[in-house]
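Everything on this sheet refers to the single structure shown next.
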Amino acid sequence: MDFRSHMHVALDEARAAAARGEVPVGAVIAGPDGIIAQAGNRTRESNDPTAHAEMLAIRMACEKLGQERLTGFDLYVTLEPCPMCAAAISNARIARLYYGAADPKSGGVAQGPRIFSHPQCHHVPEVYDGIGAVDAEALLKEFFAAKR
């Protein structure tokens with residue numbers, strides 16, 4: 001099976017989030033038949049602190065499939081997931097996590113609490129970092145520079 005990245009779609013979702021005034025993070029869930037869900041951050045728009053791109057994409061994918069587990073599916077996200085999203089990724093049983101930029105301040109995978117390394121973590125996905133990192137980092141830096 002050939003690897004096909006869907007990070008370009010996650011980056012498009014991040015750009016759309018930035019255009020809405022949201023922190024530019026985008027996420028895509030894909031399986032053997034391609035993309036089944038995609039989303040960008042909507043925390044401000046929804047007044048919902050859990051409306052991170054990953055959470056929204058996981059909810060959409062589960063609803064579309066009519067199940068609470070995403071076994072065999074991949075998640076592409078432009079920024080290292082926070083602890084909340086990392087826990088949701090584990091609970092959803094996502095097979096592979098591909099993320100772009102590292103998040104030293106709020107990350108929960110390679111930074112901070114490192115959710116997947118805890119013995120209480122029920123499922124650990126394969127993790128691949130740095131996918132599209134240059135573009136993801138540029139989006140974030142541009143967004144926050146404009147806010148200052």
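In the structure tokens, each chain is lettered A, B, ... as it comes, each chain's residues begin at 1, and ligands are numbered from 1 in order of appearance.
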Considering only C-alpha atoms, return as an mmCIF file with all heavy atoms, in the first residue's frame whatever protein or nucleic-acid residues lie within 10 Å of stretch 105-108 of chain A, sequence-local ones (same chain, fewer than 3 positions apart) excluded.
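See out-v1.cif below for the written result:
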```cif
data_model
loop_
_atom_site.group_PDB
_atom_site.id
_atom_site.type_symbol
_atom_site.label_atom_id
_atom_site.label_comp_id
_atom_site.auth_asym_id
_atom_site.auth_seq_id
_atom_site.Cartn_x
_atom_site.Cartn_y
_atom_site.Cartn_z
ATOM 1 N N LEU A 79 -1.130 20.669 13.986
ATOM 2 C CA LEU A 79 -0.425 21.004 15.220
ATOM 3 C C LEU A 79 -0.483 19.802 16.160
ATOM 4 O O LEU A 79 -1.500 19.102 16.223
ATOM 5 C CB LEU A 79 -1.085 22.219 15.887
ATOM 6 C CG LEU A 79 -0.465 22.749 17.172
ATOM 7 C CD1 LEU A 79 0.955 23.287 16.925
ATOM 8 C CD2 LEU A 79 -1.344 23.857 17.751
ATOM 9 N N GLU A 80 0.577 19.593 16.894
ATOM 10 C CA GLU A 80 0.605 18.521 17.891
ATOM 11 C C GLU A 80 -0.641 18.598 18.773
ATOM 12 O O GLU A 80 -0.950 19.654 19.330
ATOM 13 C CB GLU A 80 1.853 18.670 18.759
ATOM 14 C CG GLU A 80 1.943 17.672 19.887
ATOM 15 C CD GLU A 80 3.147 17.900 20.786
ATOM 16 O OE1 GLU A 80 3.995 18.764 20.466
ATOM 17 O OE2 GLU A 80 3.227 17.229 21.814
ATOM 18 N N PRO A 81 -1.381 17.506 18.900
ATOM 19 C CA PRO A 81 -2.597 17.523 19.708
ATOM 20 C C PRO A 81 -2.327 17.851 21.174
ATOM 21 O O PRO A 81 -1.313 17.449 21.747
ATOM 22 C CB PRO A 81 -3.137 16.098 19.571
ATOM 23 C CG PRO A 81 -2.611 15.643 18.249
ATOM 24 C CD PRO A 81 -1.235 16.244 18.166
ATOM 25 N N CYS A 82 -3.269 18.586 21.767
ATOM 26 C CA CYS A 82 -3.219 18.902 23.192
ATOM 27 C C CYS A 82 -3.576 17.630 23.973
ATOM 28 O O CYS A 82 -4.007 16.628 23.386
ATOM 29 C CB CYS A 82 -4.202 20.034 23.507
ATOM 30 S SG CYS A 82 -5.934 19.538 23.434
ATOM 31 N N PRO A 83 -3.449 17.646 25.291
ATOM 32 C CA PRO A 83 -3.792 16.457 26.080
ATOM 33 C C PRO A 83 -5.240 15.981 25.889
ATOM 34 O O PRO A 83 -5.492 14.777 25.809
ATOM 35 C CB PRO A 83 -3.537 16.902 27.526
ATOM 36 C CG PRO A 83 -2.494 17.966 27.400
ATOM 37 C CD PRO A 83 -2.822 18.692 26.121
ATOM 38 N N MET A 84 -6.190 16.916 25.802
ATOM 39 C CA MET A 84 -7.593 16.533 25.598
ATOM 40 C C MET A 84 -7.758 15.775 24.283
ATOM 41 O O MET A 84 -8.399 14.718 24.232
ATOM 42 C CB MET A 84 -8.486 17.783 25.596
ATOM 43 C CG MET A 84 -9.927 17.511 25.205
ATOM 44 S SD MET A 84 -10.923 19.022 25.078
ATOM 45 C CE MET A 84 -10.227 19.804 23.617
ATOM 46 N N CYS A 85 -7.173 16.313 23.231
ATOM 47 C CA CYS A 85 -7.307 15.683 21.916
ATOM 48 C C CYS A 85 -6.548 14.362 21.849
ATOM 49 O O CYS A 85 -7.021 13.404 21.236
ATOM 50 C CB CYS A 85 -6.847 16.640 20.826
ATOM 51 S SG CYS A 85 -7.944 18.064 20.647
ATOM 52 N N ALA A 86 -5.390 14.303 22.497
ATOM 53 C CA ALA A 86 -4.630 13.054 22.525
ATOM 54 C C ALA A 86 -5.445 11.953 23.210
ATOM 55 O O ALA A 86 -5.477 10.811 22.740
ATOM 56 C CB ALA A 86 -3.291 13.254 23.218
ATOM 57 N N ALA A 87 -6.118 12.290 24.306
ATOM 58 C CA ALA A 87 -6.963 11.309 24.989
ATOM 59 C C ALA A 87 -8.111 10.862 24.084
ATOM 60 O O ALA A 87 -8.438 9.667 24.027
ATOM 61 C CB ALA A 87 -7.498 11.881 26.297
ATOM 62 N N ALA A 101 3.314 20.802 13.122
ATOM 63 C CA ALA A 101 4.125 21.582 14.054
ATOM 64 C C ALA A 101 4.069 21.011 15.465
ATOM 65 O O ALA A 101 3.025 20.545 15.921
ATOM 66 C CB ALA A 101 3.632 23.031 14.077
ATOM 67 N N ALA A 102 5.210 21.054 16.141
ATOM 68 C CA ALA A 102 5.255 20.707 17.562
ATOM 69 C C ALA A 102 4.612 21.850 18.354
ATOM 70 O O ALA A 102 4.595 22.990 17.901
ATOM 71 C CB ALA A 102 6.704 20.513 18.009
ATOM 72 N N GLN A 111 5.254 16.586 23.972
ATOM 73 C CA GLN A 111 5.513 17.631 24.965
ATOM 74 C C GLN A 111 4.640 17.367 26.193
ATOM 75 O O GLN A 111 3.752 16.529 26.159
ATOM 76 C CB GLN A 111 5.139 19.010 24.395
ATOM 77 C CG GLN A 111 5.540 19.273 22.977
ATOM 78 C CD GLN A 111 7.021 19.532 22.814
ATOM 79 O OE1 GLN A 111 7.640 20.121 23.676
ATOM 80 N NE2 GLN A 111 7.569 19.088 21.711
ATOM 81 N N GLY A 112 4.862 18.141 27.209
ATOM 82 C CA GLY A 112 3.968 18.123 28.381
ATOM 83 C C GLY A 112 3.675 16.742 28.923
ATOM 84 O O GLY A 112 4.592 15.966 29.184
ATOM 85 N N PRO A 113 2.395 16.407 29.068
ATOM 86 C CA PRO A 113 2.028 15.161 29.738
ATOM 87 C C PRO A 113 2.272 13.883 28.925
ATOM 88 O O PRO A 113 2.206 12.797 29.478
ATOM 89 C CB PRO A 113 0.534 15.339 30.033
ATOM 90 C CG PRO A 113 0.068 16.297 29.017
ATOM 91 C CD PRO A 113 1.228 17.221 28.761
ATOM 92 N N ARG A 114 2.523 13.997 27.635
ATOM 93 C CA ARG A 114 2.812 12.813 26.791
ATOM 94 C C ARG A 114 1.797 11.699 27.062
ATOM 95 O O ARG A 114 2.126 10.618 27.549
ATOM 96 C CB ARG A 114 4.237 12.342 27.010
ATOM 97 C CG ARG A 114 5.233 13.420 26.665
ATOM 98 C CD ARG A 114 6.633 13.064 27.037
ATOM 99 N NE ARG A 114 7.426 14.290 26.972
ATOM 100 C CZ ARG A 114 8.615 14.370 26.435
ATOM 101 N NH1 ARG A 114 9.189 13.310 25.909
ATOM 102 N NH2 ARG A 114 9.240 15.515 26.412
ATOM 103 N N ILE A 115 0.579 12.002 26.722
ATOM 104 C CA ILE A 115 -0.574 11.143 27.025
ATOM 105 C C ILE A 115 -0.368 9.689 26.614
ATOM 106 O O ILE A 115 -0.712 8.772 27.360
ATOM 107 C CB ILE A 115 -1.853 11.717 26.365
ATOM 108 C CG1 ILE A 115 -2.197 13.095 26.944
ATOM 109 C CG2 ILE A 115 -3.036 10.751 26.456
ATOM 110 C CD1 ILE A 115 -2.493 13.121 28.421
ATOM 111 N N PHE A 116 0.204 9.460 25.454
ATOM 112 C CA PHE A 116 0.323 8.090 24.956
ATOM 113 C C PHE A 116 1.336 7.243 25.734
ATOM 114 O O PHE A 116 1.354 6.024 25.602
ATOM 115 C CB PHE A 116 0.667 8.076 23.467
ATOM 116 C CG PHE A 116 -0.346 8.771 22.600
ATOM 117 C CD1 PHE A 116 0.061 9.580 21.560
ATOM 118 C CD2 PHE A 116 -1.711 8.622 22.813
ATOM 119 C CE1 PHE A 116 -0.861 10.233 20.743
ATOM 120 C CE2 PHE A 116 -2.645 9.268 22.018
ATOM 121 C CZ PHE A 116 -2.218 10.075 20.981
#
```
* Backbone DSSP call of helix (DSSP H, G or I) for stretch 103-148 of chain A, listed as a list of chain:residue names ->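 Restricting stretch 103-148 of chain A to helix (DSSP H, G or I) produces A:Ile115, A:Phe116, A:Ser117, A:Ala133, A:Val134, A:Asp135, A:Ala136, A:Glu137, A:Ala138, A:Leu139, A:Leu140, A:Lys141, A:Glu142, A:Phe143, A:Phe144, A:Ala145, A:Ala146, A:Lys147.
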Output file for the selection above: N, CA, C and O atoms, as a PDB file, in the first residue's frame:
```
ATOM      1  N   ILE A 115       0.579  12.002  26.722  1.00  0.00           N
ATOM      2  CA  ILE A 115      -0.574  11.143  27.025  1.00  0.00           C
ATOM      3  C   ILE A 115      -0.368   9.689  26.614  1.00  0.00           C
ATOM      4  O   ILE A 115      -0.712   8.772  27.360  1.00  0.00           O
ATOM      5  N   PHE A 116       0.204   9.460  25.454  1.00  0.00           N
ATOM      6  CA  PHE A 116       0.323   8.090  24.956  1.00  0.00           C
ATOM      7  C   PHE A 116       1.336   7.243  25.734  1.00  0.00           C
ATOM      8  O   PHE A 116       1.354   6.024  25.602  1.00  0.00           O
ATOM      9  N   SER A 117       2.166   7.880  26.556  1.00  0.00           N
ATOM     10  CA  SER A 117       3.151   7.117  27.323  1.00  0.00           C
ATOM     11  C   SER A 117       2.641   6.710  28.706  1.00  0.00           C
ATOM     12  O   SER A 117       3.312   5.972  29.417  1.00  0.00           O
ATOM     13  N   ALA A 133       5.231  20.436   8.601  1.00  0.00           N
ATOM     14  CA  ALA A 133       5.537  21.307   9.739  1.00  0.00           C
ATOM     15  C   ALA A 133       5.879  22.730   9.326  1.00  0.00           C
ATOM     16  O   ALA A 133       5.449  23.680   9.980  1.00  0.00           O
ATOM     17  N   VAL A 134       6.631  22.897   8.259  1.00  0.00           N
ATOM     18  CA  VAL A 134       7.045  24.243   7.835  1.00  0.00           C
ATOM     19  C   VAL A 134       5.820  25.099   7.525  1.00  0.00           C
ATOM     20  O   VAL A 134       5.711  26.234   7.999  1.00  0.00           O
ATOM     21  N   ASP A 135       4.890  24.559   6.759  1.00  0.00           N
ATOM     22  CA  ASP A 135       3.669  25.312   6.413  1.00  0.00           C
ATOM     23  C   ASP A 135       2.797  25.546   7.638  1.00  0.00           C
ATOM     24  O   ASP A 135       2.234  26.632   7.816  1.00  0.00           O
ATOM     25  N   ALA A 136       2.662  24.540   8.487  1.00  0.00           N
ATOM     26  CA  ALA A 136       1.833  24.673   9.685  1.00  0.00           C
ATOM     27  C   ALA A 136       2.410  25.729  10.631  1.00  0.00           C
ATOM     28  O   ALA A 136       1.672  26.563  11.163  1.00  0.00           O
ATOM     29  N   GLU A 137       3.723  25.696  10.817  1.00  0.00           N
ATOM     30  CA  GLU A 137       4.371  26.682  11.688  1.00  0.00           C
ATOM     31  C   GLU A 137       4.220  28.092  11.131  1.00  0.00           C
ATOM     32  O   GLU A 137       3.959  29.040  11.887  1.00  0.00           O
ATOM     33  N   ALA A 138       4.359  28.228   9.819  1.00  0.00           N
ATOM     34  CA  ALA A 138       4.215  29.550   9.194  1.00  0.00           C
ATOM     35  C   ALA A 138       2.808  30.106   9.408  1.00  0.00           C
ATOM     36  O   ALA A 138       2.650  31.299   9.715  1.00  0.00           O
ATOM     37  N   LEU A 139       1.788  29.277   9.254  1.00  0.00           N
ATOM     38  CA  LEU A 139       0.404  29.713   9.483  1.00  0.00           C
ATOM     39  C   LEU A 139       0.221  30.211  10.916  1.00  0.00           C
ATOM     40  O   LEU A 139      -0.384  31.254  11.149  1.00  0.00           O
ATOM     41  N   LEU A 140       0.722  29.447  11.864  1.00  0.00           N
ATOM     42  CA  LEU A 140       0.578  29.813  13.273  1.00  0.00           C
ATOM     43  C   LEU A 140       1.325  31.102  13.597  1.00  0.00           C
ATOM     44  O   LEU A 140       0.783  31.996  14.251  1.00  0.00           O
ATOM     45  N   LYS A 141       2.553  31.219  13.121  1.00  0.00           N
ATOM     46  CA  LYS A 141       3.345  32.426  13.394  1.00  0.00           C
ATOM     47  C   LYS A 141       2.698  33.660  12.788  1.00  0.00           C
ATOM     48  O   LYS A 141       2.621  34.713  13.421  1.00  0.00           O
ATOM     49  N   GLU A 142       2.207  33.535  11.566  1.00  0.00           N
ATOM     50  CA  GLU A 142       1.542  34.653  10.887  1.00  0.00           C
ATOM     51  C   GLU A 142       0.280  35.066  11.650  1.00  0.00           C
ATOM     52  O   GLU A 142       0.018  36.252  11.851  1.00  0.00           O
ATOM     53  N   PHE A 143      -0.501  34.080  12.077  1.00  0.00           N
ATOM     54  CA  PHE A 143      -1.740  34.345  12.807  1.00  0.00           C
ATOM     55  C   PHE A 143      -1.460  35.103  14.111  1.00  0.00           C
ATOM     56  O   PHE A 143      -2.075  36.122  14.387  1.00  0.00           O
ATOM     57  N   PHE A 144      -0.512  34.594  14.894  1.00  0.00           N
ATOM     58  CA  PHE A 144      -0.232  35.233  16.185  1.00  0.00           C
ATOM     59  C   PHE A 144       0.497  36.543  16.046  1.00  0.00           C
ATOM     60  O   PHE A 144       0.300  37.456  16.861  1.00  0.00           O
ATOM     61  N   ALA A 145       1.308  36.715  15.004  1.00  0.00           N
ATOM     62  CA  ALA A 145       1.974  38.006  14.765  1.00  0.00           C
ATOM     63  C   ALA A 145       0.934  39.078  14.473  1.00  0.00           C
ATOM     64  O   ALA A 145       1.065  40.221  14.922  1.00  0.00           O
ATOM     65  N   ALA A 146      -0.116  38.728  13.749  1.00  0.00           N
ATOM     66  CA  ALA A 146      -1.173  39.680  13.428  1.00  0.00           C
ATOM     67  C   ALA A 146      -1.988  40.060  14.660  1.00  0.00           C
ATOM     68  O   ALA A 146      -2.586  41.147  14.719  1.00  0.00           O
ATOM     69  N   LYS A 147      -2.024  39.195  15.666  1.00  0.00           N
ATOM     70  CA  LYS A 147      -2.780  39.447  16.898  1.00  0.00           C
ATOM     71  C   LYS A 147      -2.029  40.379  17.852  1.00  0.00           C
ATOM     72  O   LYS A 147      -2.619  40.970  18.727  1.00  0.00           O
TER      73      LYS A 147
END
```
Within 9 Å of A:Val28, counting only C-alpha atoms, which residues qualify if same-chain residues fewer than 5 places away don't, as a PDB file with N, CA and C atoms, in the first residue's frame?
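Writing the result to result-v2.pdb gives the following:
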```pdb
ATOM      1  N   HIS A   6      -2.632  13.365   3.610  1.00  0.00           N
ATOM      2  CA  HIS A   6      -3.788  14.259   3.470  1.00  0.00           C
ATOM      3  C   HIS A   6      -3.538  15.561   4.238  1.00  0.00           C
ATOM      4  N   MET A   7      -2.271  15.832   4.553  1.00  0.00           N
ATOM      5  CA  MET A   7      -1.940  17.027   5.317  1.00  0.00           C
ATOM      6  C   MET A   7      -2.306  18.302   4.554  1.00  0.00           C
ATOM      7  N   VAL A   9      -4.943  18.913   2.947  1.00  0.00           N
ATOM      8  CA  VAL A   9      -6.342  19.223   3.254  1.00  0.00           C
ATOM      9  C   VAL A   9      -6.443  19.780   4.682  1.00  0.00           C
ATOM     10  N   ALA A  10      -5.680  19.203   5.604  1.00  0.00           N
ATOM     11  CA  ALA A  10      -5.653  19.731   6.976  1.00  0.00           C
ATOM     12  C   ALA A  10      -5.143  21.171   6.976  1.00  0.00           C
ATOM     13  N   GLU A  13      -7.886  23.416   5.921  1.00  0.00           N
ATOM     14  CA  GLU A  13      -8.813  23.616   7.047  1.00  0.00           C
ATOM     15  C   GLU A  13      -8.234  24.621   8.040  1.00  0.00           C
ATOM     16  N   ILE A  35     -10.682  10.394   2.548  1.00  0.00           N
ATOM     17  CA  ILE A  35     -11.095  11.276   3.639  1.00  0.00           C
ATOM     18  C   ILE A  35     -12.562  11.049   3.999  1.00  0.00           C
ATOM     19  N   ILE A  36     -12.818  10.886   5.315  1.00  0.00           N
ATOM     20  CA  ILE A  36     -14.207  10.752   5.765  1.00  0.00           C
ATOM     21  C   ILE A  36     -14.657  11.931   6.615  1.00  0.00           C
ATOM     22  N   ALA A  37     -13.695  12.716   7.129  1.00  0.00           N
ATOM     23  CA  ALA A  37     -14.055  13.890   7.932  1.00  0.00           C
ATOM     24  C   ALA A  37     -12.906  14.886   7.913  1.00  0.00           C
ATOM     25  N   GLN A  38     -13.266  16.151   7.950  1.00  0.00           N
ATOM     26  CA  GLN A  38     -12.258  17.212   8.025  1.00  0.00           C
ATOM     27  C   GLN A  38     -12.864  18.396   8.744  1.00  0.00           C
ATOM     28  N   ALA A  39     -12.000  19.098   9.492  1.00  0.00           N
ATOM     29  CA  ALA A  39     -12.493  20.227  10.288  1.00  0.00           C
ATOM     30  C   ALA A  39     -11.337  21.145  10.647  1.00  0.00           C
ATOM     31  N   GLY A  40     -11.706  22.365  10.995  1.00  0.00           N
ATOM     32  CA  GLY A  40     -10.769  23.335  11.535  1.00  0.00           C
ATOM     33  C   GLY A  40     -11.290  23.794  12.887  1.00  0.00           C
ATOM     34  N   ALA A  53     -10.006  21.194  16.229  1.00  0.00           N
ATOM     35  CA  ALA A  53     -10.131  20.541  14.927  1.00  0.00           C
ATOM     36  C   ALA A  53     -10.188  19.019  15.055  1.00  0.00           C
ATOM     37  N   GLU A  54      -9.319  18.462  15.892  1.00  0.00           N
ATOM     38  CA  GLU A  54      -9.285  17.009  16.053  1.00  0.00           C
ATOM     39  C   GLU A  54     -10.592  16.477  16.623  1.00  0.00           C
ATOM     40  N   ALA A  57     -13.348  16.629  13.982  1.00  0.00           N
ATOM     41  CA  ALA A  57     -13.173  15.604  12.951  1.00  0.00           C
ATOM     42  C   ALA A  57     -13.508  14.216  13.495  1.00  0.00           C
ATOM     43  N   ILE A  58     -13.098  13.930  14.717  1.00  0.00           N
ATOM     44  CA  ILE A  58     -13.422  12.639  15.333  1.00  0.00           C
ATOM     45  C   ILE A  58     -14.930  12.486  15.478  1.00  0.00           C
ATOM     46  N   ASP A  74      -6.702   7.015  10.014  1.00  0.00           N
ATOM     47  CA  ASP A  74      -5.578   7.908  10.277  1.00  0.00           C
ATOM     48  C   ASP A  74      -6.088   9.315  10.535  1.00  0.00           C
ATOM     49  N   LEU A  75      -5.379  10.029  11.405  1.00  0.00           N
ATOM     50  CA  LEU A  75      -5.680  11.430  11.686  1.00  0.00           C
ATOM     51  C   LEU A  75      -4.485  12.272  11.283  1.00  0.00           C
ATOM     52  N   TYR A  76      -4.746  13.278  10.471  1.00  0.00           N
ATOM     53  CA  TYR A  76      -3.747  14.274  10.076  1.00  0.00           C
ATOM     54  C   TYR A  76      -4.142  15.577  10.738  1.00  0.00           C
ATOM     55  N   VAL A  77      -3.222  16.186  11.473  1.00  0.00           N
ATOM     56  CA  VAL A  77      -3.523  17.452  12.134  1.00  0.00           C
ATOM     57  C   VAL A  77      -2.301  18.355  12.032  1.00  0.00           C
TER      58      VAL A  77
END
```
* In Å, with one decimal, what is the gap from atom CA of A:Cys121 to atom CA of A:Ala92? ->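 About the pair atom CA of A:Cys121 and atom CA of A:Ala92: they are 11.6 Å apart.
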* Asked: Quick one: of A:Arg20, A:Arg59, A:Lys64, A:Arg15, who's nearest to A:Asn91, counting only C-alpha atoms?
  ->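 Of A:Arg20, A:Arg59, A:Lys64, A:Arg15, the one nearest A:Asn91, counting only C-alpha atoms, is A:Arg59.
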* To do: Identify all residues of stretch 4-68 of chain A in strand (DSSP E or B) (DSSP on the backbone) and supply them as a PyMOL selection string.
  => chain A and resi 26-31+34-40
Dump N, CA and C atoms for the selected residues as a short mmCIF file (atom, residue, chain, number, x, y, z; two decimals), in the first residue's frame?
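That gives us out-v5.cif:
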```cif
data_model
loop_
_atom_site.label_atom_id
_atom_site.label_comp_id
_atom_site.auth_asym_id
_atom_site.auth_seq_id
_atom_site.Cartn_x
_atom_site.Cartn_y
_atom_site.Cartn_z
N GLY A 26 -6.02 22.57 11.58
CA GLY A 26 -6.93 21.77 10.78
C GLY A 26 -6.66 20.30 10.98
N ALA A 27 -7.71 19.48 10.80
CA ALA A 27 -7.59 18.04 10.98
C ALA A 27 -8.38 17.29 9.91
N VAL A 28 -7.88 16.12 9.58
CA VAL A 28 -8.51 15.25 8.58
C VAL A 28 -8.44 13.82 9.09
N ILE A 29 -9.53 13.09 8.92
CA ILE A 29 -9.52 11.65 9.21
C ILE A 29 -9.74 10.93 7.89
N ALA A 30 -8.84 9.97 7.65
CA ALA A 30 -8.88 9.22 6.39
C ALA A 30 -8.74 7.74 6.66
N GLY A 31 -9.35 6.98 5.78
CA GLY A 31 -9.26 5.52 5.84
C GLY A 31 -8.88 4.99 4.47
N GLY A 34 -10.24 6.93 1.54
CA GLY A 34 -9.98 8.36 1.50
C GLY A 34 -10.52 9.09 2.71
N ILE A 35 -10.68 10.39 2.55
CA ILE A 35 -11.09 11.28 3.64
C ILE A 35 -12.56 11.05 4.00
N ILE A 36 -12.82 10.89 5.32
CA ILE A 36 -14.21 10.75 5.77
C ILE A 36 -14.66 11.93 6.62
N ALA A 37 -13.69 12.72 7.13
CA ALA A 37 -14.05 13.89 7.93
C ALA A 37 -12.91 14.89 7.91
N GLN A 38 -13.27 16.15 7.95
CA GLN A 38 -12.26 17.21 8.03
C GLN A 38 -12.86 18.40 8.74
N ALA A 39 -12.00 19.10 9.49
CA ALA A 39 -12.49 20.23 10.29
C ALA A 39 -11.34 21.15 10.65
N GLY A 40 -11.71 22.37 11.00
CA GLY A 40 -10.77 23.34 11.53
C GLY A 40 -11.29 23.79 12.89
#
```
